[in-house]
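Chemist: Structure: model-v3.txt, compact mmCIF, C-alpha atoms (C1' of nucleotides).
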```
# COMPACT_ATOMS: atom_id res chain seq x y z
CA MET A 10 56.47 -10.00 -0.29
CA ALA A 11 58.34 -6.96 0.94
CA ARG A 12 60.24 -5.23 3.67
CA ARG A 13 58.49 -5.02 7.06
CA ARG A 14 58.00 -1.92 9.25
CA GLY A 15 61.12 -1.23 11.26
CA PHE A 16 59.38 0.24 14.32
CA ASP A 17 56.64 -0.79 16.75
CA ARG A 18 53.47 1.04 15.67
CA ASP A 19 51.96 0.81 19.16
CA GLU A 20 55.04 2.20 20.88
CA ALA A 21 55.21 5.04 18.36
CA LEU A 22 51.52 5.84 18.94
CA GLU A 23 52.10 5.87 22.70
CA SER A 24 54.96 8.35 22.24
CA ALA A 25 52.76 10.54 20.04
CA LEU A 26 49.95 10.37 22.62
CA ARG A 27 52.20 11.61 25.41
CA THR A 28 53.62 14.40 23.24
CA PHE A 29 50.13 15.62 22.26
CA TRP A 30 49.02 15.25 25.90
CA GLN A 31 51.84 17.47 27.12
CA HIS A 32 51.89 20.18 24.47
CA GLY A 33 48.46 20.04 22.83
CA TYR A 34 47.50 19.48 19.20
CA GLU A 35 48.78 22.55 17.39
CA ALA A 36 51.78 23.30 19.58
CA THR A 37 53.09 19.82 18.76
CA SER A 38 54.97 19.96 15.44
CA VAL A 39 55.51 17.00 13.17
CA ALA A 40 59.23 17.42 13.80
CA THR A 41 58.64 17.09 17.57
CA LEU A 42 56.49 14.03 16.94
CA THR A 43 59.00 12.26 14.71
CA THR A 44 61.78 12.92 17.25
CA ALA A 45 59.64 11.57 20.10
CA MET A 46 58.53 8.56 18.05
CA GLY A 47 62.05 7.84 16.79
CA ILE A 48 61.02 7.77 13.14
CA ASN A 49 61.19 9.98 10.03
CA PRO A 50 58.29 11.94 8.59
CA PRO A 51 57.55 9.52 5.69
CA SER A 52 57.24 6.64 8.16
CA LEU A 53 54.79 8.68 10.24
CA TYR A 54 52.67 9.55 7.21
CA ALA A 55 52.74 5.97 5.90
CA ALA A 56 51.68 4.49 9.23
CA PHE A 57 49.23 7.12 10.51
CA GLY A 58 48.00 9.18 7.52
CA ASP A 59 48.67 12.70 8.68
CA LYS A 60 49.04 14.75 11.86
CA ARG A 61 45.30 14.99 12.47
CA ARG A 62 44.59 11.29 12.09
CA LEU A 63 47.55 10.54 14.35
CA PHE A 64 46.01 12.87 16.92
CA GLU A 65 42.62 11.18 16.59
CA GLU A 66 44.24 7.78 17.14
CA SER A 67 46.12 9.20 20.12
CA VAL A 68 42.89 10.51 21.66
CA GLN A 69 41.21 7.15 21.05
CA ARG A 70 44.10 5.38 22.75
CA TYR A 71 44.00 7.88 25.63
CA GLN A 72 40.31 7.16 26.21
CA GLU A 73 40.98 3.42 26.26
CA THR A 74 43.91 3.67 28.69
CA TYR A 75 44.65 6.71 30.87
CA GLY A 76 41.13 8.10 30.51
CA ALA A 77 39.24 4.85 31.02
CA PHE A 78 38.93 5.28 34.79
CA ALA A 79 35.81 7.45 34.49
CA ALA A 80 33.76 4.98 32.45
CA ARG A 81 34.96 2.17 34.74
CA ALA A 82 33.90 4.00 37.90
CA LEU A 83 30.51 4.91 36.45
CA THR A 84 29.68 1.29 35.61
CA ASP A 85 31.33 -0.48 38.55
CA GLU A 86 29.98 1.41 41.55
CA PRO A 87 26.54 0.52 42.97
CA THR A 88 25.21 4.07 43.41
CA ALA A 89 25.61 7.37 41.55
CA ARG A 90 27.11 8.99 44.62
CA GLU A 91 29.78 6.35 44.99
CA ALA A 92 30.38 6.35 41.23
CA VAL A 93 30.92 10.12 41.04
CA GLU A 94 33.06 10.09 44.16
CA ARG A 95 35.27 7.38 42.68
CA VAL A 96 35.54 9.27 39.37
CA LEU A 97 36.78 12.33 41.25
CA ARG A 98 39.19 10.42 43.47
CA ASP A 99 40.56 8.40 40.54
CA ALA A 100 40.95 11.64 38.57
CA ALA A 101 42.93 13.12 41.46
CA HIS A 102 45.33 10.18 41.31
CA GLU A 103 45.49 10.00 37.51
CA TYR A 104 45.94 13.74 36.93
CA SER A 105 48.84 14.07 39.38
CA ARG A 106 50.85 10.95 38.48
CA ALA A 107 54.53 11.66 37.94
CA ASP A 108 55.05 9.08 35.19
CA HIS A 109 52.98 10.91 32.56
CA PRO A 110 51.81 14.49 31.81
CA HIS A 111 49.52 16.08 34.40
CA GLY A 112 45.84 16.77 33.86
CA CYS A 113 43.48 15.38 31.24
CA MET A 114 44.38 15.23 27.56
CA ILE A 115 40.73 15.50 26.46
CA ILE A 116 40.37 18.72 28.44
CA SER A 117 43.65 20.45 27.65
CA ALA A 118 44.98 19.33 24.25
CA ALA A 119 42.81 21.58 22.05
CA VAL A 120 42.22 24.69 24.13
CA ASN A 121 44.27 27.02 21.91
CA CYS A 122 43.45 25.32 18.64
CA GLU A 123 42.42 26.88 15.33
CA SER A 124 41.14 23.65 13.80
CA ALA A 125 37.40 23.60 14.49
CA GLU A 126 37.28 19.87 13.74
CA VAL A 127 39.89 19.04 16.40
CA VAL A 128 38.16 21.33 18.92
CA GLU A 129 34.84 19.63 18.23
CA LEU A 130 36.40 16.18 18.48
CA LEU A 131 37.52 16.76 22.07
CA ARG A 132 34.41 18.73 22.99
CA GLY A 133 32.40 15.70 21.88
CA PHE A 134 34.36 13.45 24.24
CA ARG A 135 33.78 15.91 27.09
CA GLU A 136 30.06 16.04 26.34
CA ALA A 137 29.96 12.23 26.30
CA THR A 138 31.54 12.03 29.76
CA LYS A 139 29.09 14.62 31.09
CA ALA A 140 26.19 12.67 29.54
CA ALA A 141 27.47 9.46 31.15
CA ILE A 142 27.55 11.15 34.57
CA ARG A 143 24.05 12.46 34.05
CA GLN A 144 22.81 9.02 32.97
CA ARG A 145 24.27 7.46 36.12
CA ILE A 146 22.50 10.08 38.25
CA ASP A 147 19.24 9.63 36.31
CA ASP A 148 19.44 5.92 37.08
CA ASP A 149 19.62 6.73 40.78
CA VAL A 150 16.58 8.98 40.50
CA SER A 151 14.71 6.15 38.79
CA ALA A 152 15.83 3.76 41.53
CA GLY A 153 14.54 6.13 44.20
CA ARG A 154 17.95 6.88 45.69
CA LEU A 155 17.52 10.54 44.72
CA PRO A 156 14.29 12.59 44.82
CA PRO A 157 12.25 12.79 41.57
CA GLY A 158 12.77 16.54 41.13
CA THR A 159 16.59 16.34 41.21
CA ASP A 160 18.32 18.61 38.67
CA THR A 161 20.38 15.80 37.19
CA ASP A 162 21.64 17.93 34.29
CA GLY A 163 22.84 20.62 36.70
CA LEU A 164 24.55 18.03 38.86
CA ALA A 165 26.29 16.49 35.84
CA THR A 166 27.44 19.93 34.69
CA PHE A 167 28.74 20.67 38.18
CA TYR A 168 30.82 17.50 38.42
CA ALA A 169 32.05 17.91 34.85
CA ALA A 170 33.22 21.40 35.86
CA ILE A 171 34.91 19.92 38.94
CA ILE A 172 36.81 17.42 36.80
CA GLN A 173 37.89 20.19 34.43
CA GLY A 174 38.94 22.39 37.33
CA MET A 175 40.95 19.53 38.82
CA SER A 176 42.68 19.03 35.47
CA THR A 177 43.66 22.71 35.31
CA GLN A 178 44.87 22.59 38.92
CA ALA A 179 46.94 19.49 38.16
CA ARG A 180 48.51 21.22 35.16
CA ASP A 181 49.40 24.11 37.46
CA GLY A 182 51.19 21.68 39.74
CA ALA A 183 48.59 20.76 42.38
CA SER A 184 49.54 17.72 44.45
CA LEU A 185 47.55 14.50 44.89
CA ARG A 186 46.63 15.65 48.38
CA GLU A 187 45.26 18.97 47.11
CA LEU A 188 43.31 17.30 44.31
CA LEU A 189 41.80 14.78 46.75
CA ALA A 190 40.77 17.69 48.96
CA VAL A 191 38.98 19.26 45.98
CA ALA A 192 37.26 15.93 45.26
CA ASP A 193 36.13 15.55 48.87
CA ARG A 194 34.88 19.13 49.05
CA ALA A 195 32.97 18.62 45.78
CA MET A 196 31.20 15.61 47.26
CA ALA A 197 29.97 17.84 50.08
CA ALA A 198 27.78 19.47 47.43
CA TRP A 199 25.97 16.19 46.69
CA PRO A 200 22.20 16.63 47.23
CA VAL A 201 21.06 15.90 50.75
CA VAL A 202 18.49 13.12 50.75
CA THR A 203 15.89 13.91 53.39
CA ALA A 204 14.40 10.94 55.15
CA THR A 205 10.72 10.25 54.45
CA MET B 26 58.50 67.71 16.60
CA ALA B 27 57.36 64.97 14.27
CA ARG B 28 54.56 62.92 12.82
CA ARG B 29 52.01 61.55 15.30
CA ARG B 30 50.70 58.01 15.59
CA GLY B 31 47.89 57.40 13.12
CA PHE B 32 45.90 54.95 15.26
CA ASP B 33 44.44 54.82 18.76
CA ARG B 34 46.85 52.80 20.91
CA ASP B 35 44.14 51.88 23.41
CA GLU B 36 41.74 50.68 20.75
CA ALA B 37 44.48 48.63 19.13
CA LEU B 38 45.39 47.09 22.50
CA GLU B 39 41.74 46.23 23.10
CA SER B 40 41.60 44.47 19.72
CA ALA B 41 44.77 42.55 20.53
CA LEU B 42 43.36 41.58 23.94
CA ARG B 43 40.24 40.10 22.40
CA THR B 44 42.23 38.23 19.75
CA PHE B 45 44.56 36.72 22.36
CA TRP B 46 41.54 35.96 24.58
CA GLN B 47 39.81 34.05 21.82
CA HIS B 48 42.70 32.12 20.28
CA GLY B 49 45.39 32.06 22.97
CA TYR B 50 48.96 33.32 22.87
CA GLU B 51 50.72 31.06 20.37
CA ALA B 52 47.76 30.35 18.10
CA THR B 53 47.47 34.11 17.52
CA SER B 54 49.89 35.12 14.77
CA VAL B 55 51.27 38.61 14.30
CA ALA B 56 49.45 38.70 10.95
CA THR B 57 46.14 37.96 12.73
CA LEU B 58 46.92 40.66 15.28
CA THR B 59 47.79 43.36 12.73
CA THR B 60 44.60 42.57 10.79
CA ALA B 61 42.47 42.77 13.95
CA MET B 62 44.22 45.95 15.09
CA GLY B 63 44.02 47.56 11.65
CA ILE B 64 47.74 48.35 11.50
CA ASN B 65 50.91 47.04 9.84
CA PRO B 66 53.64 45.05 11.59
CA PRO B 67 56.11 47.97 12.00
CA SER B 68 53.42 50.00 13.77
CA LEU B 69 52.75 47.12 16.14
CA TYR B 70 56.43 46.67 16.96
CA ALA B 71 56.99 50.42 17.39
CA ALA B 72 54.02 50.80 19.74
CA PHE B 73 54.18 47.55 21.74
CA GLY B 74 57.72 46.14 21.44
CA ASP B 75 57.04 42.61 20.30
CA LYS B 76 54.34 39.93 20.42
CA ARG B 77 55.16 38.88 23.97
CA ARG B 78 55.10 42.37 25.42
CA LEU B 79 51.85 43.06 23.57
CA PHE B 80 50.44 39.93 25.19
CA GLU B 81 51.63 41.03 28.63
CA GLU B 82 49.96 44.39 28.16
CA SER B 83 46.81 42.64 26.99
CA VAL B 84 46.76 40.46 30.10
CA GLN B 85 47.34 43.50 32.29
CA ARG B 86 44.44 45.28 30.61
CA TYR B 87 42.26 42.16 30.96
CA GLN B 88 42.91 42.05 34.69
CA GLU B 89 41.96 45.72 35.03
CA THR B 90 38.74 45.38 33.02
CA TYR B 91 37.01 42.07 32.25
CA GLY B 92 38.84 40.22 35.03
CA ALA B 93 38.48 42.86 37.72
CA PHE B 94 35.20 41.47 39.06
CA ALA B 95 36.97 38.94 41.30
CA ALA B 96 39.14 41.43 43.16
CA ARG B 97 36.11 43.75 43.48
CA ALA B 98 33.92 41.04 44.95
CA LEU B 99 36.61 39.94 47.40
CA THR B 100 37.05 43.44 48.81
CA ASP B 101 33.45 44.69 48.65
CA GLU B 102 31.50 41.90 50.32
CA PRO B 103 31.27 41.81 54.11
CA THR B 104 31.95 38.08 54.60
CA ALA B 105 34.09 35.47 52.84
CA ARG B 106 31.03 33.43 52.02
CA GLU B 107 29.28 36.33 50.32
CA ALA B 108 32.52 37.35 48.62
CA VAL B 109 33.16 33.91 47.13
CA GLU B 110 29.52 33.54 46.14
CA ARG B 111 29.64 36.87 44.32
CA VAL B 112 32.91 35.95 42.59
CA LEU B 113 31.27 32.77 41.27
CA ARG B 114 28.04 34.47 40.20
CA ASP B 115 29.90 37.36 38.55
CA ALA B 116 32.12 34.83 36.79
CA ALA B 117 29.02 33.05 35.49
CA HIS B 118 27.80 36.31 33.97
CA GLU B 119 31.20 37.46 32.70
CA TYR B 120 32.23 34.11 31.18
CA SER B 121 29.00 33.70 29.18
CA ARG B 122 28.57 37.24 27.83
CA ALA B 123 27.89 37.35 24.10
CA ASP B 124 29.80 40.59 23.43
CA HIS B 125 33.26 39.13 24.08
CA PRO B 126 34.98 35.70 24.02
CA HIS B 127 33.70 33.12 26.53
CA GLY B 128 35.62 31.96 29.58
CA CYS B 129 38.61 33.53 31.27
CA MET B 130 41.66 34.74 29.35
CA ILE B 131 44.00 34.12 32.31
CA ILE B 132 42.88 30.50 32.44
CA SER B 133 42.74 29.61 28.76
CA ALA B 134 45.20 31.76 26.77
CA ALA B 135 48.37 29.79 27.53
CA VAL B 136 47.23 26.19 27.94
CA ASN B 137 48.95 24.90 24.81
CA CYS B 138 51.95 27.20 24.95
CA GLU B 139 55.62 26.33 24.52
CA SER B 140 56.92 29.58 26.03
CA ALA B 141 57.60 28.79 29.69
CA GLU B 142 57.67 32.52 30.48
CA VAL B 143 54.17 33.10 29.12
CA VAL B 144 52.85 29.99 30.89
CA GLU B 145 54.38 31.20 34.17
CA LEU B 146 52.98 34.69 33.69
CA LEU B 147 49.39 33.45 33.60
CA ARG B 148 50.00 30.80 36.26
CA GLY B 149 51.20 33.62 38.51
CA PHE B 150 47.94 35.51 37.99
CA ARG B 151 45.96 32.36 38.79
CA GLU B 152 47.99 31.77 41.94
CA ALA B 153 47.39 35.39 42.97
CA THR B 154 43.62 34.99 42.63
CA LYS B 155 43.74 31.77 44.63
CA ALA B 156 45.85 33.52 47.30
CA ALA B 157 43.35 36.40 47.43
CA ILE B 158 40.48 33.96 47.98
CA ARG B 159 42.45 32.22 50.70
CA GLN B 160 43.26 35.54 52.37
CA ARG B 161 39.57 36.50 52.38
CA ILE B 162 38.71 33.17 54.02
CA ASP B 163 41.58 33.52 56.52
CA ASP B 164 40.16 36.90 57.48
CA ASP B 165 36.83 35.25 58.27
CA VAL B 166 38.55 32.64 60.41
CA SER B 167 40.29 35.44 62.31
CA ALA B 168 36.96 37.24 62.70
CA GLY B 169 35.39 34.09 64.14
CA ARG B 170 32.94 33.59 61.28
CA LEU B 171 34.61 30.28 60.45
CA PRO B 172 36.02 27.74 62.95
CA PRO B 173 39.77 27.99 63.75
CA GLY B 174 40.62 24.62 62.23
CA THR B 175 39.17 25.44 58.79
CA ASP B 176 41.28 24.21 55.87
CA THR B 177 41.44 27.62 54.21
CA ASP B 178 44.02 26.53 51.63
CA GLY B 179 41.86 23.58 50.60
CA LEU B 180 38.80 25.82 50.33
CA ALA B 181 40.69 28.32 48.19
CA THR B 182 41.95 25.54 45.93
CA PHE B 183 38.41 24.20 45.63
CA TYR B 184 36.89 27.52 44.58
CA ALA B 185 39.80 28.22 42.24
CA ALA B 186 39.07 24.86 40.62
CA ILE B 187 35.37 25.80 40.38
CA ILE B 188 36.24 29.04 38.60
CA GLN B 189 38.52 27.19 36.20
CA GLY B 190 35.86 24.54 35.57
CA MET B 191 33.28 27.25 34.89
CA SER B 192 35.65 28.86 32.40
CA THR B 193 36.09 25.58 30.54
CA GLN B 194 32.33 25.00 30.57
CA ALA B 195 31.75 28.50 29.21
CA ARG B 196 34.27 27.88 26.41
CA ASP B 197 32.35 24.71 25.59
CA GLY B 198 29.18 26.78 25.24
CA ALA B 199 27.52 26.53 28.67
CA SER B 200 24.74 29.09 29.20
CA LEU B 201 24.49 31.69 31.95
CA ARG B 202 21.80 29.55 33.59
CA GLU B 203 24.05 26.47 33.62
CA LEU B 204 27.03 28.43 34.99
CA LEU B 205 24.88 29.96 37.73
CA ALA B 206 23.71 26.45 38.64
CA VAL B 207 27.35 25.38 38.97
CA ALA B 208 28.04 28.42 41.17
CA ASP B 209 25.06 27.68 43.42
CA ARG B 210 25.97 24.02 43.71
CA ALA B 211 29.55 24.98 44.59
CA MET B 212 28.29 27.19 47.43
CA ALA B 213 26.52 24.15 48.85
CA ALA B 214 30.02 22.86 49.65
CA TRP B 215 30.78 25.84 51.91
CA PRO B 216 31.69 24.64 55.41
CA VAL B 217 28.75 24.26 57.74
CA VAL B 218 29.17 26.46 60.79
CA THR B 219 27.85 24.58 63.82
CA ALA B 220 26.25 26.72 66.48
CA THR B 221 28.15 27.01 69.77
C1' DT C 13 70.55 -15.32 -7.37
C1' DC C 14 67.59 -11.91 -8.95
C1' DC C 15 63.16 -9.49 -8.89
C1' DT C 16 59.44 -7.38 -6.64
C1' DT C 17 57.53 -4.84 -3.01
C1' DG C 18 57.32 -1.53 0.47
C1' DC C 19 59.69 0.74 4.29
C1' DT C 20 63.54 3.69 4.90
C1' DT C 21 66.43 8.02 4.54
C1' DT C 22 67.61 12.35 2.39
C1' DA C 23 66.37 16.37 0.88
C1' DG C 24 63.40 19.71 -0.21
C1' DT C 25 58.39 21.68 -1.45
C1' DG C 26 55.37 26.12 -0.87
C1' DA C 27 53.34 28.46 3.05
C1' DT C 28 53.55 30.76 7.21
C1' DC C 29 56.03 32.07 11.47
C1' DG C 30 57.93 36.45 14.21
C1' DC C 31 60.23 40.27 12.97
C1' DT C 32 62.68 44.24 10.43
C1' DA C 33 65.34 47.18 6.66
C1' DC C 34 64.13 50.70 3.87
C1' DA C 35 62.02 54.41 1.84
C1' DG C 36 57.99 57.43 1.44
C1' DA C 37 54.79 60.39 3.94
C1' DA C 38 53.20 63.58 7.42
C1' DA C 39 53.47 66.96 11.06
C1' DA C 40 56.04 70.10 14.35
C1' DA C 41 60.02 73.36 14.47
C1' DT C 42 62.73 76.75 12.10
C1' DA D 18 59.16 76.89 2.51
C1' DT D 19 62.61 73.97 4.44
C1' DT D 20 64.35 70.91 7.89
C1' DT D 21 63.83 67.47 11.26
C1' DT D 22 61.72 63.67 13.25
C1' DT D 23 58.86 59.81 13.63
C1' DC D 24 55.30 57.14 11.88
C1' DT D 25 53.67 54.34 7.88
C1' DG D 26 53.48 50.86 4.02
C1' DT D 27 56.08 47.65 1.16
C1' DA D 28 58.66 44.02 0.84
C1' DG D 29 61.33 40.50 2.46
C1' DC D 30 64.56 38.34 6.10
C1' DG D 31 65.87 33.41 8.10
C1' DA D 32 63.40 29.82 10.51
C1' DT D 33 59.91 26.67 10.94
C1' DC D 34 55.35 24.76 9.56
C1' DA D 35 52.94 20.25 7.55
C1' DC D 36 54.01 17.34 4.09
C1' DT D 37 56.24 14.61 0.07
C1' DA D 38 59.21 13.23 -4.27
C1' DA D 39 63.00 10.37 -5.12
C1' DA D 40 66.19 7.04 -4.34
C1' DG D 41 68.36 3.46 -1.40
C1' DC D 42 67.73 -0.66 1.18
C1' DA D 43 65.87 -4.90 3.14
C1' DA D 44 63.18 -8.99 3.00
C1' DG D 45 59.95 -12.61 0.77
C1' DG D 46 58.98 -15.16 -3.73
C1' DA D 47 60.64 -17.15 -8.08
```
What is this structure when it is put down as structure tokens?
Modeler:
Amino acid sequence: MARRRGFDRDEALESALRTFWQHGYEATSVATLTTAMGINPPSLYAAFGDKRRLFEESVQRYQETYGAFAARALTDEPTAREAVERVLRDAAHEYSRADHPHGCMIISAAVNCESAEVVELLRGFREATKAAIRQRIDDDVSAGRLPPGTDTDGLATFYAAIIQGMSTQARDGASLRELLAVADRAMAAWPVVTAT
Amino acid sequence: MARRRGFDRDEALESALRTFWQHGYEATSVATLTTAMGINPPSLYAAFGDKRRLFEESVQRYQETYGAFAARALTDEPTAREAVERVLRDAAHEYSRADHPHGCMIISAAVNCESAEVVELLRGFREATKAAIRQRIDDDVSAGRLPPGTDTDGLATFYAAIIQGMSTQARDGASLRELLAVADRAMAAWPVVTAT
DNA sequence: TCCTTGCTTTAGTGATCGCTACAGAAAAAT
DNA sequence: ATTTTTCTGTAGCGATCACTAAAGCAAGGA
């Protein structure tokens, strides 16, 4: 039929992801992207549509790779307490790794962003994570591991805030040790279950 | 001598501050600034130097006004515990007020910013706040209100992360009630002082 | 071998970026 | 009233923004 694409679409998307992760949506220019991806603008537009759709694909890919630890922890662990603790400890490791940008892309890539759609896209992902934490805690209330009157929404908001604070700290250069200390301290705020 | 300035420098600076606070350093264009300030570019450059120096003055002004609650709480309260608790509760109120942008300017205005100098400027302010919290806790260790082995640096990092998480939550639309719940939950992680 | 098809490169679109030259206007000093 | 000085508005600087028209090139089908 015709000539085939001369670059690996997946590798190019990974390069775009990391560039967006480091600099954010609007601060990343198409020129920066094409340089990082090793292609020319027309190839980018042919393969990914435009800058926004490339960003959306990058975020999707982030959620399925670097950001997948949270969903994994929430489903794998037997109790809400262990699940949340593992989310925080995994976040500490993930956010401080030296082989990719620090912090969380979902949290930091659209902070100074004029596009309401892009802002809402990431805010939606953050809300979803918070809702997943709350669901996991609700399950524990239903199972009797937490008292019936537990403020599950408040707890979910608190741990979502912790994750966001850890991401900011990581961006500011906090070490794995410091982030783990934050995670441990945050778990000290877990509701005390009084014996019956 | 000569013609006097036709606008109020302080009012113009306040307008610039709020614009930077809302949109961040790089996402705020000079055109946006001049519109918000009600002046033309040459007036801005004559009165404030350039965009970066205007931003620095805006940050300075922010610290002395909207952001002054933290330093006040840390010096006014009698104990570190009360001081940190008041910082968090004041932050909850300040970050969710309807009459100015949500969250903290120092935390959010240079997240997606390519200028290393601007990033470092705000990071320096964040480090200073963290250091002030740590100092206040160190004082309590010296005074015997906290045990000698207390990890004061870890505690300061934790509450700095809480403040940053609250700022992100506020930007995402969290209410005063939700932010206060985060503050209260965070205080539940304060070290337990065992009786001697 | 030649044609068709689609990816590639080059080069440039109008719009906006931070910033400023220039000239007119206004107020204090003479 | 005239001069001096500094602010003000207009208009535009070169650079960069996201994006694309046009033409060259490579590979499968005839």
Chemist: Using all atoms listed in the file, find all polymer residues with an atom at most 12 Å away from the point (65.8, 53.2, 2.7); report them as a compact mmCIF listing (two decimals) with C-alpha atoms (C1' of nucleotides), keeping the file's coordinate frame.
Modeler:
```
# COMPACT_ATOMS: atom_id res chain seq x y z
C1' DA C 33 65.34 47.18 6.66
C1' DC C 34 64.13 50.70 3.87
C1' DA C 35 62.02 54.41 1.84
C1' DG C 36 57.99 57.43 1.44
C1' DT D 27 56.08 47.65 1.16
C1' DA D 28 58.66 44.02 0.84
```
Chemist: Using all atoms listed in the file, can you list as number ranges by chain the residues within 12 Å of (50.1, 40.9, 9.5)?
Modeler: B: 53-70, 76; C: 28-31; D: 26
Chemist: Which residue is closest to chain A? Choose from C:DC19, C:DC14, C:DA41, C:DA27 and count only C-alpha atoms (C1' of nucleotides).
Modeler: C:DC19
Chemist: What separation in Å, quoted to one decimal, exists between atom CA of A:His32 and atom CA of A:Leu97?
Modeler: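 So the answer is 23.9 Å.
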Chemist: Please identify all polymer residues within 10 Å of D:DA44, counting all atoms listed in the file, omitting same-chain residues fewer than 3 positions from it, and present them as a ChimeraX atom specification.
Modeler: /A:10-13 /C:17-18
Chemist: Considering only C-alpha atoms, extract the chain A residues located within 8 Å of chain B and return them as a PyMOL selection string.
Modeler: chain A and resi 32-36+117-123+132+163-164+166-167+169-175+177-178+181+187+190-191+194-198
Chemist: Restrict the distance test to all atoms listed in the file, flag each residue of chain D within 9 Å of chain B, and return the flagged residues as a list in words.
Modeler: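 Residues of chain D within 9 Å of chain B, counting all atoms listed in the file: DT21, DT22, DT23, DC24, DT25 and DG26 of chain D.
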Chemist: As a list in words, please: the residues near stretch 89-97 of chain B (cut-off 10 Å, all atoms listed in the file, same-chain neighbours under 3 positions excluded).
Modeler: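 Near neighbours after the sequence-gap exclusion: Ser83, Val84, Gln85, Arg86, Thr100, Asp101, Glu102, Ala108, Val109, Arg111, Val112, Leu113, Asp115, Ala116, Glu119, Tyr120, His125, Cys129, Met130, Ile131, Thr154, Ala157 and Ile158 of chain B.
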Chemist: When you draw a straight line from atom C1' of D:DC30 to atom CA of B:Gly74, how long is it in Å?
Modeler: 18.5 Å
Chemist: With 6 Å as the limit and counting only C-alpha atoms (C1' of nucleotides), what residues in chain C lie close to chain B? Please list them as a VMD selection string.
Modeler: chain C and resid 38 to 40
Chemist: Store the residues of this selection in a file with C-alpha atoms (C1' of nucleotides), as an mmCIF file, in the coordinates of the input.
Modeler:
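Below is the file out.cif, written as the result:
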```cif
data_model
loop_
_atom_site.group_PDB
_atom_site.id
_atom_site.type_symbol
_atom_site.label_atom_id
_atom_site.label_comp_id
_atom_site.auth_asym_id
_atom_site.auth_seq_id
_atom_site.Cartn_x
_atom_site.Cartn_y
_atom_site.Cartn_z
ATOM 1 C "C1'" DA C 38 53.200 63.580 7.420
ATOM 2 C "C1'" DA C 39 53.470 66.960 11.060
ATOM 3 C "C1'" DA C 40 56.040 70.100 14.350
#
```
Chemist: Please measure the separation of atom CA of A:Ala82 and atom CA of A:Ala140, giving the value in Å to one decimal.
Modeler: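 We find that atom CA of A:Ala82 and atom CA of A:Ala140 lie 14.3 Å from each other.
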Chemist: Taking only C-alpha atoms into account, name the residue in A:Thr88, A:Gln144, A:Ser105, A:Thr28 that is nearest to A:Tyr71.
Modeler: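 The answer is A:Thr28, which sits nearest to A:Tyr71.
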Chemist: Excluding C:DC15 and its own-chain neighbours fewer than 2 positions away, which residues fall within 10 Å of it when counting all atoms listed in the file? Please give them as a list in words.
Modeler: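 Skipping anything fewer than 2 positions along the chain leaves DT13 and DT17 of chain C; DG46 and DA47 of chain D.
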